[in-house]
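Q: Dropping the structure in here first, questions after.
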Amino acid sequence: MVMGPEPQSHLTSPIQAPPMESIQFNTVCGSMLYARPPLRRPLHISESPVESTAHHAHPAGQLPNHPTTARTTAPLARQQTPSNSTFKFKGPAGRPSIARGLLLNQLATWSISINIHAKAPLKTEESTASVARSMIMRRRGGAVASAAWVVLGVAVAAASAALLLADAAHDYEEALRKSLVYFEAQRSGRLPHGQRVAWRDHSGLTDGLEQGVDLVGGYYDAGDHVKFGLPMAFTVTMLSWSLLEYGADVAAAGELAHALESIKWGTDYFIKAHTQPDELWAEVGDGDTDHYCWQRPEDMTTSRQAYKVDRDRPGSDVAGETAAALAAASMAFRDTNPHYAHLLLHHAQQLFEFADKYRGKYDSSIAEVKSYYASVSGYHDELLWAALWLHRATGRASYLDYVVDNADAFGGTGWAITEFSWDVKYAGVQILATRLLLLQGEHTERQRETLEGYRAKAEHYVCACMGKNNNENNNVERSPGGMLYVRQWNNMQYVTSAAFLLSVYSGYLTEAGGGSESVACGGGVNGEKVGAEEVFSEAKAQVDYVLGSNPRGMSYLVGYGAKYPTRVHHRAASIVPYKDAKAFIGCAQGFDDWFGRRSANPNVVVGAIVGGPDRKDRFRDDRDNYMQTEACTYNTAPMVGIFAMLHRLQQEESSPSSATATLQPENGGTSSTATATG
């Protein structure tokens, strides 16, 4: 159904807040639970606030019922000041023993279930050891024959040895390099001369032609060839946020240019797609027809119909997320390309005004997207999200006022969320708002009370990931191997986004109050206090799981480690490279000749993070197992900065007598290096 426009006046009265009880949305990806319960090394940024011309308006809507199909998960940023100034941020306090204590804690809490031929499967007792929770495992009690304990001892010893080797072998610098290569494999359009993924070629060169618009470029989101605007924008926001938090580490590893290229490939496309102040092209291609074919993108014969949102067919969620992406990216380019940064910010402000003035869900305007990227959470989270990013990019108080004034009506201080994704931004909104409370001090006393409300919900998310909320239903489930588990379809997106949020939040806690800040889990005055180090430990544990510190010893980052998925659900990767065989491969021919092959893909999608294992750590490496073997751009994007930061910490651990701090502008400018000895 097409929704008509509903222009709103500036700062209208708030709407009714959503209901407070837990709500379950069922999707093809699983279920999304909304429950309302009773660390970083940033860039150095030169601030040049830009005046905004956006107007703010408001009416709203309830969180919608979830449609039956979708691919389901998001972004944040660093510090901002409203005055013209240049300043530097300190990195997080030294993380003690990332290769020592975390690994031992991980082994100490690892529960391994072994099915032996006894009356019942082997189970272990609830651990009461007081250890730092790098990974918090669920354990179940049960009686087992003594022989089972012998088997368990042998298994634990073997698994522990394997895990020690896996952790010791983690090369975060290699993971960083490969993660950035992945985005080149996902490029649509005319590829540049410096393209490093040689098995790809030009594609989608007529995108937008039928509509009289140049929509060439951008990213394919996953293993197919539709360009979906909402997850693409989220990907760019996360890449930009990675640089704003860990840009110095990315630069020190020699990957800053590649990181900026990955952002610009998306932002160049968004500029093209934003053809009028109140018009944004939000999709190119049709998922239904695309999925009938198994072709290389260079051979595409499927529909390249383009779809837009405008005043008559609003899309506040996709326009808001695109505004957030462009605002975040503007800071990444502020020193190296100030003209481009200004252009990005101009588009971001226009898009936010459009999103706010003409309210509506984009999947009500573009029916074709509902089966793939339906906006389950609605658009309120994107509006808050975009306003926070614009506040950070411009320093304008009006954007912060918007976030404070709409906190309750839009659910920002109401929804307690246990996931963060391309769709559900609330946890990111809450953590980003808390950052203002912890680090900036720009708020008024009136705003402080509301920001404290955001902080309470941000800490609910953090505690959920740590398994420390009082009600187990308000915690994130874990696999036996310690992986955060949200749903069966592409669960790794939630793992990587959680790792990122936990990492940056630990950094905010470390920087605020001289490291005295902590997270209050469990509620009440007697709630458990969780320090920044423990939060960071959990983030690292999730990263290491992705890289192979898991029961299967499998790296879910393709191309990294000795064992990784080789039959990734990816059209281009599964078919002979175009440069080697230019003969046309038809729609059905790809299924007949390539899809069903049992052999490994002829091309390796280096740097892709696949959907990953199920709640029992089980993984089937088959091309037709798309829930587990398909990779998405928003799986990898949150990991770029974390890989760089962990590489730096690893180097510091190996050279404890000399800690090198590289200070990098928050917009990716020239870095400076200071060495502290002692």
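As shown in the structure tokens, the chain order sets the letters A, B, ...; within each chain, residues go from 1, and ligands are also counted from 1 in the order they appear.
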Mind checking DSSP for range 216-424 of chain A and telling me the strand (DSSP E or B) residues as a list in words?

A: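 Result set for range 216-424 of chain A (strand (DSSP E or B)): Tyr219, Lys227, Phe228, Gln276, Glu279, Leu280, Trp281, Ala282, Glu283, Val284, Ala306, Tyr307, Lys308, Val309, Asp310, Ala416 and Ile417 of chain A.
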
Q: May I ask which of the residues A:Lys563, A:Arg177, A:Arg334, A:Arg190 is the closest one to Ala251 in chain A, counting only C-alpha atoms?

A: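 Of A:Lys563, A:Arg177, A:Arg334, A:Arg190, the one nearest Ala251 in chain A is A:Arg177, counting only C-alpha atoms.
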
Q: Enumerate as a PyMOL selection string all residues of range 411-604 of chain A assigned to helix (DSSP H, G or I) by DSSP on the backbone, naming them with the chain letters and numbers the document uses.

A: chain A and resi 426-440+445-466+472-474+492-515+532-547+571-574+587-595

Q: Quick one: residues within 8 Å of Ala329 in chain A, only C-alpha atoms counted, chain neighbours fewer than 2 positions away excluded, as a JSON list (two decimals) with all heavy atoms, in the first residue's frame?

A:
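Written file, selection_10.json:
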```json
[["chain", "number", "residue", "atom", "x", "y", "z"],
["A", 236, "VAL", "N", 27.80, 1.64, 5.09],
["A", 236, "VAL", "CA", 28.65, 2.82, 5.00],
["A", 236, "VAL", "C", 28.74, 3.54, 6.35],
["A", 236, "VAL", "O", 29.80, 4.03, 6.74],
["A", 236, "VAL", "CB", 28.14, 3.77, 3.90],
["A", 236, "VAL", "CG1", 28.87, 5.11, 3.93],
["A", 236, "VAL", "CG2", 28.29, 3.12, 2.53],
["A", 237, "THR", "N", 27.64, 3.57, 7.08],
["A", 237, "THR", "CA", 27.68, 4.18, 8.42],
["A", 237, "THR", "C", 28.66, 3.44, 9.31],
["A", 237, "THR", "O", 29.45, 4.05, 10.04],
["A", 237, "THR", "CB", 26.29, 4.19, 9.06],
["A", 237, "THR", "OG1", 25.35, 4.73, 8.14],
["A", 237, "THR", "CG2", 26.29, 5.03, 10.33],
["A", 240, "SER", "N", 32.26, 4.09, 8.31],
["A", 240, "SER", "CA", 32.65, 5.43, 8.75],
["A", 240, "SER", "C", 32.86, 5.49, 10.25],
["A", 240, "SER", "O", 33.84, 6.08, 10.74],
["A", 240, "SER", "CB", 31.58, 6.45, 8.33],
["A", 240, "SER", "OG", 31.39, 6.46, 6.93],
["A", 263, "ILE", "N", 34.31, 3.47, 1.73],
["A", 263, "ILE", "CA", 33.25, 4.40, 2.10],
["A", 263, "ILE", "C", 32.80, 5.20, 0.88],
["A", 263, "ILE", "O", 31.61, 5.34, 0.60],
["A", 263, "ILE", "CB", 33.72, 5.34, 3.22],
["A", 263, "ILE", "CG1", 33.98, 4.56, 4.51],
["A", 263, "ILE", "CG2", 32.69, 6.46, 3.47],
["A", 263, "ILE", "CD1", 34.66, 5.37, 5.60],
["A", 267, "THR", "N", 29.21, 6.32, -0.83],
["A", 267, "THR", "CA", 28.71, 7.70, -0.76],
["A", 267, "THR", "C", 28.59, 8.32, -2.15],
["A", 267, "THR", "O", 27.68, 9.13, -2.38],
["A", 267, "THR", "CB", 29.60, 8.57, 0.14],
["A", 267, "THR", "OG1", 30.97, 8.47, -0.29],
["A", 267, "THR", "CG2", 29.50, 8.12, 1.59],
["A", 325, "ALA", "N", 24.55, 7.90, 7.23],
["A", 325, "ALA", "CA", 25.76, 7.43, 6.54],
["A", 325, "ALA", "C", 26.54, 8.61, 5.97],
["A", 325, "ALA", "O", 27.78, 8.67, 6.10],
["A", 325, "ALA", "CB", 25.38, 6.45, 5.43],
["A", 326, "LEU", "N", 25.85, 9.54, 5.35],
["A", 326, "LEU", "CA", 26.54, 10.67, 4.73],
["A", 326, "LEU", "C", 27.11, 11.62, 5.78],
["A", 326, "LEU", "O", 28.20, 12.17, 5.60],
["A", 326, "LEU", "CB", 25.56, 11.41, 3.81],
["A", 326, "LEU", "CG", 25.12, 10.64, 2.57],
["A", 326, "LEU", "CD1", 23.99, 11.37, 1.85],
["A", 326, "LEU", "CD2", 26.29, 10.40, 1.62],
["A", 327, "ALA", "N", 26.40, 11.80, 6.88],
["A", 327, "ALA", "CA", 26.92, 12.66, 7.96],
["A", 327, "ALA", "C", 28.17, 12.05, 8.57],
["A", 327, "ALA", "O", 29.18, 12.74, 8.80],
["A", 327, "ALA", "CB", 25.85, 12.87, 9.02],
["A", 331, "MET", "N", 32.61, 13.32, 8.16],
["A", 331, "MET", "CA", 33.69, 13.50, 9.13],
["A", 331, "MET", "C", 34.93, 12.70, 8.75],
["A", 331, "MET", "O", 36.05, 13.11, 9.03],
["A", 331, "MET", "CB", 33.20, 13.09, 10.51],
["A", 331, "MET", "CG", 32.18, 14.06, 11.09],
["A", 331, "MET", "SD", 31.65, 13.60, 12.76],
["A", 331, "MET", "CE", 30.44, 12.34, 12.35],
["A", 332, "ALA", "N", 34.72, 11.57, 8.09],
["A", 332, "ALA", "CA", 35.86, 10.75, 7.67],
["A", 332, "ALA", "C", 36.68, 11.45, 6.60],
["A", 332, "ALA", "O", 37.89, 11.23, 6.50],
["A", 332, "ALA", "CB", 35.37, 9.40, 7.17],
["A", 333, "PHE", "N", 36.04, 12.31, 5.81],
["A", 333, "PHE", "CA", 36.73, 12.98, 4.70],
["A", 333, "PHE", "C", 37.07, 14.45, 4.99],
["A", 333, "PHE", "O", 37.60, 15.14, 4.12],
["A", 333, "PHE", "CB", 35.87, 12.92, 3.43],
["A", 333, "PHE", "CG", 35.82, 11.56, 2.80],
["A", 333, "PHE", "CD1", 34.74, 10.73, 3.02],
["A", 333, "PHE", "CD2", 36.85, 11.12, 1.99],
["A", 333, "PHE", "CE1", 34.69, 9.47, 2.44],
["A", 333, "PHE", "CE2", 36.82, 9.86, 1.41],
["A", 333, "PHE", "CZ", 35.72, 9.03, 1.63],
["A", 341, "ALA", "N", 33.57, 16.43, 1.75],
["A", 341, "ALA", "CA", 32.94, 16.30, 3.07],
["A", 341, "ALA", "C", 31.76, 17.27, 3.18],
["A", 341, "ALA", "O", 30.70, 16.91, 3.71],
["A", 341, "ALA", "CB", 33.96, 16.58, 4.17],
["A", 344, "LEU", "N", 28.84, 15.93, 1.17],
["A", 344, "LEU", "CA", 28.17, 14.84, 1.86],
["A", 344, "LEU", "C", 27.26, 15.37, 2.97],
["A", 344, "LEU", "O", 26.13, 14.90, 3.14],
["A", 344, "LEU", "CB", 29.20, 13.88, 2.47],
["A", 344, "LEU", "CG", 30.09, 13.11, 1.49],
["A", 344, "LEU", "CD1", 31.09, 12.24, 2.27],
["A", 344, "LEU", "CD2", 29.27, 12.25, 0.55]]
```

Q: Compile the contact shell of His443 in chain A as a CSV table (one decimal) with all heavy atoms, in the first residue's frame: residues with an atom at most 12 Å away, counting only C-alpha atoms, same-chain residues fewer than 2 positions apart removed.

A:
```csv
chain,number,residue,atom,x,y,z
A,81,THR,N,32.4,18.7,18.8
A,81,THR,CA,32.3,19.9,19.6
A,81,THR,C,31.7,21.0,18.8
A,81,THR,O,31.8,21.0,17.6
A,81,THR,CB,33.7,20.4,20.0
A,81,THR,OG1,33.6,21.6,20.8
A,81,THR,CG2,34.6,20.6,18.9
A,82,PRO,N,30.9,21.8,19.3
A,82,PRO,CA,30.2,22.9,18.5
A,82,PRO,C,31.1,24.0,18.2
A,82,PRO,O,30.7,24.9,17.4
A,82,PRO,CB,29.1,23.3,19.4
A,82,PRO,CG,29.6,23.1,20.8
A,82,PRO,CD,30.5,21.9,20.7
A,391,HIS,N,24.2,15.9,14.6
A,391,HIS,CA,24.7,16.7,15.8
A,391,HIS,C,26.2,16.5,15.9
A,391,HIS,O,26.9,17.5,16.1
A,391,HIS,CB,24.0,16.2,17.1
A,391,HIS,CG,24.6,16.9,18.3
A,391,HIS,ND1,25.5,16.2,19.1
A,391,HIS,CD2,24.5,18.2,18.8
A,391,HIS,CE1,25.8,17.1,20.1
A,391,HIS,NE2,25.2,18.2,19.9
A,395,GLY,N,27.7,19.9,15.2
A,395,GLY,CA,27.7,20.5,16.6
A,395,GLY,C,26.5,21.4,16.8
A,395,GLY,O,26.4,22.0,17.9
A,396,ARG,N,25.5,21.3,16.0
A,396,ARG,CA,24.3,22.2,16.2
A,396,ARG,C,23.4,21.6,17.3
A,396,ARG,O,23.0,20.5,17.3
A,396,ARG,CB,23.5,22.3,14.9
A,396,ARG,CG,24.2,23.1,13.8
A,396,ARG,CD,23.2,23.6,12.8
A,396,ARG,NE,22.1,24.4,13.4
A,396,ARG,CZ,21.0,24.8,12.8
A,396,ARG,NH1,20.9,24.5,11.5
A,396,ARG,NH2,20.1,25.5,13.4
A,397,ALA,N,23.1,22.5,18.2
A,397,ALA,CA,22.2,22.1,19.4
A,397,ALA,C,20.9,21.6,19.0
A,397,ALA,O,20.2,20.8,19.6
A,397,ALA,CB,22.1,23.2,20.4
A,398,SER,N,20.3,22.1,17.8
A,398,SER,CA,19.0,21.7,17.4
A,398,SER,C,18.8,20.2,17.2
A,398,SER,O,17.8,19.7,17.4
A,398,SER,CB,18.6,22.5,16.1
A,398,SER,OG,19.5,22.2,15.1
A,399,TYR,N,19.9,19.6,16.7
A,399,TYR,CA,19.8,18.1,16.5
A,399,TYR,C,19.8,17.4,17.8
A,399,TYR,O,19.1,16.4,18.0
A,399,TYR,CB,21.0,17.7,15.7
A,399,TYR,CG,21.0,18.1,14.2
A,399,TYR,CD1,21.9,19.0,13.7
A,399,TYR,CD2,19.9,17.7,13.4
A,399,TYR,CE1,21.9,19.4,12.4
A,399,TYR,CE2,19.9,18.1,12.1
A,399,TYR,CZ,20.9,19.0,11.6
A,399,TYR,OH,20.8,19.4,10.2
A,400,LEU,N,20.5,17.9,18.8
A,400,LEU,CA,20.5,17.2,20.1
A,400,LEU,C,19.1,17.5,20.8
A,400,LEU,O,18.5,16.6,21.4
A,400,LEU,CB,21.6,17.8,21.0
A,400,LEU,CG,21.6,17.2,22.4
A,400,LEU,CD1,21.7,15.6,22.4
A,400,LEU,CD2,22.8,17.7,23.2
A,401,ASP,N,18.5,18.7,20.6
A,401,ASP,CA,17.2,19.0,21.1
A,401,ASP,C,16.2,18.0,20.5
A,401,ASP,O,15.3,17.5,21.2
A,401,ASP,CB,16.8,20.4,20.7
A,401,ASP,CG,17.5,21.5,21.5
A,401,ASP,OD1,18.1,21.1,22.6
A,401,ASP,OD2,17.6,22.6,21.0
A,403,VAL,N,16.7,14.9,19.5
A,403,VAL,CA,16.9,13.6,20.1
A,403,VAL,C,16.3,13.6,21.5
A,403,VAL,O,15.7,12.6,21.9
A,403,VAL,CB,18.4,13.2,20.2
A,403,VAL,CG1,18.7,12.0,21.0
A,403,VAL,CG2,19.0,13.1,18.7
A,404,VAL,N,16.5,14.7,22.2
A,404,VAL,CA,16.0,14.7,23.6
A,404,VAL,C,14.4,14.9,23.6
A,404,VAL,O,13.7,14.2,24.3
A,404,VAL,CB,16.6,15.9,24.4
A,404,VAL,CG1,15.9,16.2,25.7
A,404,VAL,CG2,18.1,15.6,24.6
A,433,ALA,N,24.0,8.3,22.3
A,433,ALA,CA,23.5,9.3,23.2
A,433,ALA,C,24.2,9.3,24.5
A,433,ALA,O,24.5,10.3,25.1
A,433,ALA,CB,22.0,9.2,23.4
A,434,THR,N,24.5,8.1,25.0
A,434,THR,CA,25.3,8.0,26.2
A,434,THR,C,26.6,8.5,26.1
A,434,THR,O,27.2,9.1,27.1
A,434,THR,CB,25.3,6.5,26.7
A,434,THR,OG1,24.0,6.0,26.8
A,434,THR,CG2,26.0,6.3,28.0
A,435,ARG,N,27.2,8.4,25.0
A,435,ARG,CA,28.5,9.0,24.7
A,435,ARG,C,28.5,10.5,25.0
A,435,ARG,O,29.5,11.0,25.5
A,435,ARG,CB,29.0,8.7,23.3
A,435,ARG,CG,30.2,9.4,22.8
A,435,ARG,CD,30.4,9.1,21.3
A,435,ARG,NE,31.2,10.1,20.7
A,435,ARG,CZ,30.7,11.3,20.3
A,435,ARG,NH1,29.5,11.5,20.4
A,435,ARG,NH2,31.6,12.2,19.8
A,436,LEU,N,27.5,11.1,24.6
A,436,LEU,CA,27.4,12.6,24.8
A,436,LEU,C,27.3,12.9,26.3
A,436,LEU,O,27.9,13.8,26.8
A,436,LEU,CB,26.1,13.1,24.2
A,436,LEU,CG,26.0,13.1,22.7
A,436,LEU,CD1,24.6,13.5,22.2
A,436,LEU,CD2,27.0,14.0,22.0
A,437,LEU,N,26.7,12.0,27.1
A,437,LEU,CA,26.6,12.1,28.5
A,437,LEU,C,28.0,11.9,29.2
A,437,LEU,O,28.4,12.6,30.1
A,437,LEU,CB,25.6,11.2,29.1
A,437,LEU,CG,25.2,11.2,30.5
A,437,LEU,CD1,24.5,12.5,30.9
A,437,LEU,CD2,24.4,10.0,30.9
A,438,LEU,N,28.7,10.9,28.7
A,438,LEU,CA,29.9,10.5,29.3
A,438,LEU,C,31.1,11.4,28.9
A,438,LEU,O,32.0,11.7,29.8
A,438,LEU,CB,30.3,9.0,28.9
A,438,LEU,CG,29.4,7.9,29.5
A,438,LEU,CD1,29.8,6.6,28.9
A,438,LEU,CD2,29.5,7.9,31.0
A,439,LEU,N,31.1,11.8,27.7
A,439,LEU,CA,32.4,12.5,27.2
A,439,LEU,C,32.3,13.9,26.9
A,439,LEU,O,33.3,14.6,26.9
A,439,LEU,CB,32.8,11.7,25.9
A,439,LEU,CG,33.1,10.2,26.0
A,439,LEU,CD1,33.6,9.7,24.7
A,439,LEU,CD2,34.1,9.9,27.1
A,440,GLN,N,31.1,14.4,26.5
A,440,GLN,CA,31.1,15.8,26.0
A,440,GLN,C,30.7,16.9,27.0
A,440,GLN,O,31.3,17.9,27.0
A,440,GLN,CB,30.2,15.9,24.8
A,440,GLN,CG,30.7,15.2,23.6
A,440,GLN,CD,30.1,15.7,22.3
A,440,GLN,OE1,30.5,15.2,21.2
A,440,GLN,NE2,29.2,16.6,22.3
A,441,GLY,N,29.7,16.7,27.7
A,441,GLY,CA,29.3,17.7,28.7
A,441,GLY,C,28.7,18.9,28.0
A,441,GLY,O,28.7,20.0,28.6
A,445,GLU,N,21.1,20.7,32.0
A,445,GLU,CA,20.6,19.9,33.0
A,445,GLU,C,19.3,19.2,32.6
A,445,GLU,O,19.0,18.1,32.9
A,445,GLU,CB,20.4,20.7,34.3
A,445,GLU,CG,21.7,20.9,35.1
A,445,GLU,CD,22.4,19.6,35.4
A,445,GLU,OE1,21.7,18.7,35.9
A,445,GLU,OE2,23.6,19.5,35.1
A,446,ARG,N,18.4,19.9,31.8
A,446,ARG,CA,17.2,19.4,31.3
A,446,ARG,C,17.5,18.2,30.4
A,446,ARG,O,16.8,17.1,30.5
A,446,ARG,CB,16.4,20.4,30.6
A,446,ARG,CG,15.1,19.9,30.0
A,446,ARG,CD,14.4,21.0,29.2
A,446,ARG,NE,15.1,21.2,27.9
A,446,ARG,CZ,14.9,20.4,26.8
A,446,ARG,NH1,14.0,19.4,26.8
A,446,ARG,NH2,15.5,20.7,25.7
A,447,GLN,N,18.5,18.3,29.6
A,447,GLN,CA,18.8,17.3,28.6
A,447,GLN,C,19.5,16.1,29.4
A,447,GLN,O,19.4,14.9,29.0
A,447,GLN,CB,19.8,17.8,27.6
A,447,GLN,CG,19.1,18.8,26.6
A,447,GLN,CD,20.1,19.5,25.7
A,447,GLN,OE1,21.3,19.6,26.1
A,447,GLN,NE2,19.6,19.9,24.6
A,448,ARG,N,20.2,16.4,30.5
A,448,ARG,CA,20.9,15.3,31.2
A,448,ARG,C,19.9,14.2,31.6
A,448,ARG,O,20.2,13.0,31.5
A,448,ARG,CB,21.6,15.9,32.4
A,448,ARG,CG,22.1,14.8,33.4
A,448,ARG,CD,23.0,15.4,34.5
A,448,ARG,NE,24.3,15.6,34.0
A,448,ARG,CZ,25.3,14.7,33.9
A,448,ARG,NH1,25.0,13.5,34.2
A,448,ARG,NH2,26.5,15.0,33.4
A,449,GLU,N,18.8,14.6,32.2
A,449,GLU,CA,17.8,13.6,32.6
A,449,GLU,C,17.4,12.7,31.5
A,449,GLU,O,17.3,11.4,31.7
A,449,GLU,CB,16.6,14.3,33.2
A,449,GLU,CG,15.6,13.3,33.8
A,449,GLU,CD,14.4,14.1,34.4
A,449,GLU,OE1,14.4,15.3,34.4
A,449,GLU,OE2,13.4,13.4,34.7
A,450,THR,N,17.2,13.2,30.3
A,450,THR,CA,16.8,12.4,29.2
A,450,THR,C,18.0,11.5,28.7
A,450,THR,O,17.8,10.3,28.4
A,450,THR,CB,16.3,13.2,28.0
A,450,THR,OG1,15.2,14.0,28.5
A,450,THR,CG2,15.9,12.4,26.9
A,451,LEU,N,19.2,12.1,28.7
A,451,LEU,CA,20.3,11.3,28.3
A,451,LEU,C,20.6,10.2,29.3
A,451,LEU,O,21.1,9.1,28.9
A,451,LEU,CB,21.6,12.2,28.2
A,451,LEU,CG,21.5,13.2,27.0
A,451,LEU,CD1,22.8,14.1,27.1
A,451,LEU,CD2,21.5,12.5,25.7
A,452,GLU,N,20.3,10.4,30.6
A,452,GLU,CA,20.4,9.3,31.5
A,452,GLU,C,19.4,8.2,31.2
A,452,GLU,O,19.7,7.0,31.4
A,452,GLU,CB,20.2,9.8,33.0
A,452,GLU,CG,21.3,10.7,33.5
A,452,GLU,CD,22.5,10.0,33.9
A,452,GLU,OE1,22.6,8.7,33.7
A,452,GLU,OE2,23.4,10.6,34.4
```

Q: Near Ile431 in chain A, counting only C-alpha atoms, which residues have an atom at most 12 Å away, once you skip same-chain residues fewer than 3 positions from it, shown as a PyMOL selection string?

A: chain A and resi 74-78+384-385+388+412-413+416-417+420+425-428+434-439+451-462+498+500-509+519

Q: Counting only C-alpha atoms, what is within 8 Å of Ile642 in chain A, bar same-chain residues fewer than 3 positions away, as a PyMOL selection string?

A: chain A and resi 242+246+500+503+638-639+645-646

Q: Which one of A:Leu343, A:Gly527, A:Gln211, A:Trp422 sits closest to Tyr634 in chain A if you count only C-alpha atoms?

A: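 Smallest separation from Tyr634 in chain A among the options: A:Trp422.
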
Q: Which residue gives the smallest distance to Cys465 in chain A among A:Tyr307, A:Phe536, A:Trp415, A:Trp281, with only C-alpha atoms counted?

A: A:Phe536

Q: Between CA of Asp249 in chain A and CA of Leu649 in chain A, what is the distance in Å, rounded to a tenth?

A: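 Those two atoms sit 9.5 Å apart.
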
Q: Rank nothing, just name the residue among A:Val576, A:Val568, A:Val495, A:Ala348 nearest to Arg620 in chain A, using only C-alpha atoms.

A: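 Closest to Arg620 in chain A of all the choices is A:Val568.
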
Q: Calculate how many Å separate CA of Asp317 in chain A from CA of Ala409 in chain A, rounding to one decimal.

A: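 Pair CA of Asp317 in chain A / CA of Ala409 in chain A returns 16.2 Å.
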
Q: Can you tell me how far CA of Ser518 in chain A sits from CA of Ser479 in chain A, in Å to one decimal?

A: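 Computed distance, CA of Ser518 in chain A to CA of Ser479 in chain A, equals 26.3 Å.
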
Q: Go through A:Gly596, A:Gly320, A:Gly223, A:Pro338 one by one, measure the shortest atom-to-atom distance of each to Gly378 in chain A using only C-alpha atoms, and give the residue with the smallest value.

A: A:Gly320
